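A quick write-up on the structure given underneath.
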Amino acid sequence: MIWVQAITALKTLIYLKPEFIKLDRSLIQFIDQNSEQQQLVTLLVGYAEQVETKIIAEGIERQEELEYLHKIGIHYAQGYAIGKPAKEIHLGEIRMGDHEDRGSH
């Protein structure tokens, strides 16, 4: 059953052509020490580059994880290794034209 779900998820990436792919912290945690995670994330980064999709890695809690992800070309990062969440929400300006460059993506 897991195999079918994985294939379905990969096909969804092909058909939807998302602007962003967000990697769950379960793929990120201790990635600097786990070759299987490294291989999978490297494949996803390569795919993302080919289809002009940006990768967001979440749950980065260690400097070593951040350094490894930077080395392999992750576009965006979230986690305590970068900074703790703010207690207050600061509203910014939303630029409406940013998404129009993506065409049908």
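Chains: A, B, ... in order of the structure tokens. Residues: from 1 per chain. Ligands: from 1, in order shown.
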
Please provide as a short mmCIF file (atom, residue, chain, number, x, y, z; two decimals) with N, CA and C atoms, in the first residue's frame all residues within 7 Å of A:Tyr80, with the sequence filter that same-chain residues fewer than 4 positions apart are discarded (counting only C-alpha atoms).
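Below is the file that was written, result.cif:
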```cif
data_model
loop_
_atom_site.label_atom_id
_atom_site.label_comp_id
_atom_site.auth_asym_id
_atom_site.auth_seq_id
_atom_site.Cartn_x
_atom_site.Cartn_y
_atom_site.Cartn_z
N ILE A 60 14.18 22.56 10.53
CA ILE A 60 15.64 22.55 10.66
C ILE A 60 15.98 23.03 12.07
N GLU A 61 16.49 22.11 12.88
CA GLU A 61 16.75 22.45 14.28
C GLU A 61 18.24 22.45 14.63
N LYS A 84 13.79 31.48 16.19
CA LYS A 84 12.55 31.08 16.87
C LYS A 84 11.40 31.94 16.38
#
```

*Would you please work out which residue, of A:Ile31, A:Leu16, A:Leu69, A:Ile21, is nearest to A:Ile55 when using only C-alpha atoms?*
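Using only C-alpha atoms, A:Ile55 sits closest to A:Ile21.
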
*Please measure the separation of atom CA of A:Leu43 and atom CA of A:Lys17, giving the value in Å to one decimal.*
15.9 Å

*Have a look at atom CA of A:Ser26 and atom CA of A:Ala9 and let me know their distance in Å, one decimal.*
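Interatomic distance, atom CA of A:Ser26 to atom CA of A:Ala9: 16.4 Å.
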
*How would you write, as number ranges by chain, the set of residues in stretch 16-66 of chain A that DSSP gives as helix (DSSP H, G or I)?*
A: 16, 25-28, 31-33, 35-51, 63-66

*Rank A:Ile28, A:Ile74, A:Leu91, A:Val41 by their smallest atom-to-atom distance to A:Glu58, using only C-alpha atoms, and report the top residue only.*
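Result for the nearest residue to A:Glu58: A:Ile28.
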
*For atom CA of A:Arg25 and atom CA of A:Ala86, determine how far apart the two atoms are, in Å to one decimal place.*
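These two atoms are separated by 19.9 Å.
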
*Could you pull out all residues of stretch 21-88 of chain A with a DSSP call of strand (DSSP E or B) and give them as an MDAnalysis selection string?*
chainID A and resid 21:23 54:57 76:77

Residue selection dump (all heavy atoms) as a PDB file, in the first residue's frame:
```pdb
ATOM      1  N   ILE A  21       7.604  23.023  -3.218  1.00  0.00           N
ATOM      2  CA  ILE A  21       7.500  21.711  -2.582  1.00  0.00           C
ATOM      3  C   ILE A  21       8.044  21.894  -1.176  1.00  0.00           C
ATOM      4  O   ILE A  21       9.179  22.359  -1.001  1.00  0.00           O
ATOM      5  CB  ILE A  21       8.323  20.638  -3.318  1.00  0.00           C
ATOM      6  CG1 ILE A  21       7.797  20.418  -4.729  1.00  0.00           C
ATOM      7  CG2 ILE A  21       8.313  19.327  -2.521  1.00  0.00           C
ATOM      8  CD1 ILE A  21       8.669  19.502  -5.574  1.00  0.00           C
ATOM      9  N   LYS A  22       7.247  21.546  -0.180  1.00  0.00           N
ATOM     10  CA  LYS A  22       7.684  21.703   1.211  1.00  0.00           C
ATOM     11  C   LYS A  22       8.049  20.327   1.767  1.00  0.00           C
ATOM     12  O   LYS A  22       7.242  19.409   1.745  1.00  0.00           O
ATOM     13  CB  LYS A  22       6.588  22.345   2.060  1.00  0.00           C
ATOM     14  CG  LYS A  22       7.061  22.738   3.432  1.00  0.00           C
ATOM     15  CD  LYS A  22       6.039  23.617   4.117  1.00  0.00           C
ATOM     16  CE  LYS A  22       6.591  24.185   5.401  1.00  0.00           C
ATOM     17  NZ  LYS A  22       5.625  25.060   6.054  1.00  0.00           N
ATOM     18  N   LEU A  23       9.284  20.211   2.233  1.00  0.00           N
ATOM     19  CA  LEU A  23       9.775  18.953   2.773  1.00  0.00           C
ATOM     20  C   LEU A  23       9.510  18.899   4.265  1.00  0.00           C
ATOM     21  O   LEU A  23       9.909  19.789   5.019  1.00  0.00           O
ATOM     22  CB  LEU A  23      11.275  18.812   2.514  1.00  0.00           C
ATOM     23  CG  LEU A  23      11.703  18.865   1.047  1.00  0.00           C
ATOM     24  CD1 LEU A  23      13.210  18.696   0.936  1.00  0.00           C
ATOM     25  CD2 LEU A  23      10.982  17.810   0.230  1.00  0.00           C
ATOM     26  N   LYS A  54      10.472  25.621  -6.406  1.00  0.00           N
ATOM     27  CA  LYS A  54      11.318  25.949  -5.259  1.00  0.00           C
ATOM     28  C   LYS A  54      11.057  24.954  -4.126  1.00  0.00           C
ATOM     29  O   LYS A  54       9.928  24.515  -3.922  1.00  0.00           O
ATOM     30  CB  LYS A  54      11.048  27.372  -4.757  1.00  0.00           C
ATOM     31  CG  LYS A  54      11.267  28.450  -5.799  1.00  0.00           C
ATOM     32  CD  LYS A  54      12.700  28.544  -6.198  1.00  0.00           C
ATOM     33  CE  LYS A  54      12.894  29.697  -7.177  1.00  0.00           C
ATOM     34  NZ  LYS A  54      14.150  29.638  -7.866  1.00  0.00           N
ATOM     35  N   ILE A  55      12.109  24.630  -3.389  1.00  0.00           N
ATOM     36  CA  ILE A  55      12.017  23.701  -2.265  1.00  0.00           C
ATOM     37  C   ILE A  55      12.075  24.474  -0.957  1.00  0.00           C
ATOM     38  O   ILE A  55      12.939  25.335  -0.764  1.00  0.00           O
ATOM     39  CB  ILE A  55      13.171  22.682  -2.288  1.00  0.00           C
ATOM     40  CG1 ILE A  55      13.159  21.848  -3.561  1.00  0.00           C
ATOM     41  CG2 ILE A  55      13.163  21.803  -1.044  1.00  0.00           C
ATOM     42  CD1 ILE A  55      12.292  20.634  -3.534  1.00  0.00           C
ATOM     43  N   ILE A  56      11.157  24.135  -0.045  1.00  0.00           N
ATOM     44  CA  ILE A  56      11.153  24.670   1.319  1.00  0.00           C
ATOM     45  C   ILE A  56      11.421  23.499   2.256  1.00  0.00           C
ATOM     46  O   ILE A  56      10.693  22.504   2.228  1.00  0.00           O
ATOM     47  CB  ILE A  56       9.792  25.301   1.681  1.00  0.00           C
ATOM     48  CG1 ILE A  56       9.398  26.381   0.687  1.00  0.00           C
ATOM     49  CG2 ILE A  56       9.822  25.834   3.120  1.00  0.00           C
ATOM     50  CD1 ILE A  56       7.952  26.830   0.820  1.00  0.00           C
ATOM     51  N   ALA A  57      12.446  23.606   3.075  1.00  0.00           N
ATOM     52  CA  ALA A  57      12.739  22.585   4.078  1.00  0.00           C
ATOM     53  C   ALA A  57      12.278  23.105   5.432  1.00  0.00           C
ATOM     54  O   ALA A  57      12.665  24.192   5.830  1.00  0.00           O
ATOM     55  CB  ALA A  57      14.232  22.267   4.103  1.00  0.00           C
ATOM     56  N   TYR A  76      14.595  27.552   0.331  1.00  0.00           N
ATOM     57  CA  TYR A  76      14.056  28.231   1.510  1.00  0.00           C
ATOM     58  C   TYR A  76      14.108  27.282   2.696  1.00  0.00           C
ATOM     59  O   TYR A  76      14.026  26.068   2.542  1.00  0.00           O
ATOM     60  CB  TYR A  76      12.608  28.678   1.273  1.00  0.00           C
ATOM     61  CG  TYR A  76      12.465  29.623   0.121  1.00  0.00           C
ATOM     62  CD1 TYR A  76      11.970  29.183  -1.102  1.00  0.00           C
ATOM     63  CD2 TYR A  76      12.820  30.968   0.243  1.00  0.00           C
ATOM     64  CE1 TYR A  76      11.842  30.057  -2.181  1.00  0.00           C
ATOM     65  CE2 TYR A  76      12.697  31.838  -0.823  1.00  0.00           C
ATOM     66  CZ  TYR A  76      12.203  31.369  -2.030  1.00  0.00           C
ATOM     67  OH  TYR A  76      12.091  32.239  -3.079  1.00  0.00           O
ATOM     68  N   ALA A  77      14.211  27.850   3.901  1.00  0.00           N
ATOM     69  CA  ALA A  77      14.352  27.036   5.101  1.00  0.00           C
ATOM     70  C   ALA A  77      13.545  27.614   6.246  1.00  0.00           C
ATOM     71  O   ALA A  77      13.393  28.829   6.351  1.00  0.00           O
ATOM     72  CB  ALA A  77      15.825  26.947   5.489  1.00  0.00           C
TER      73      ALA A  77
END
```
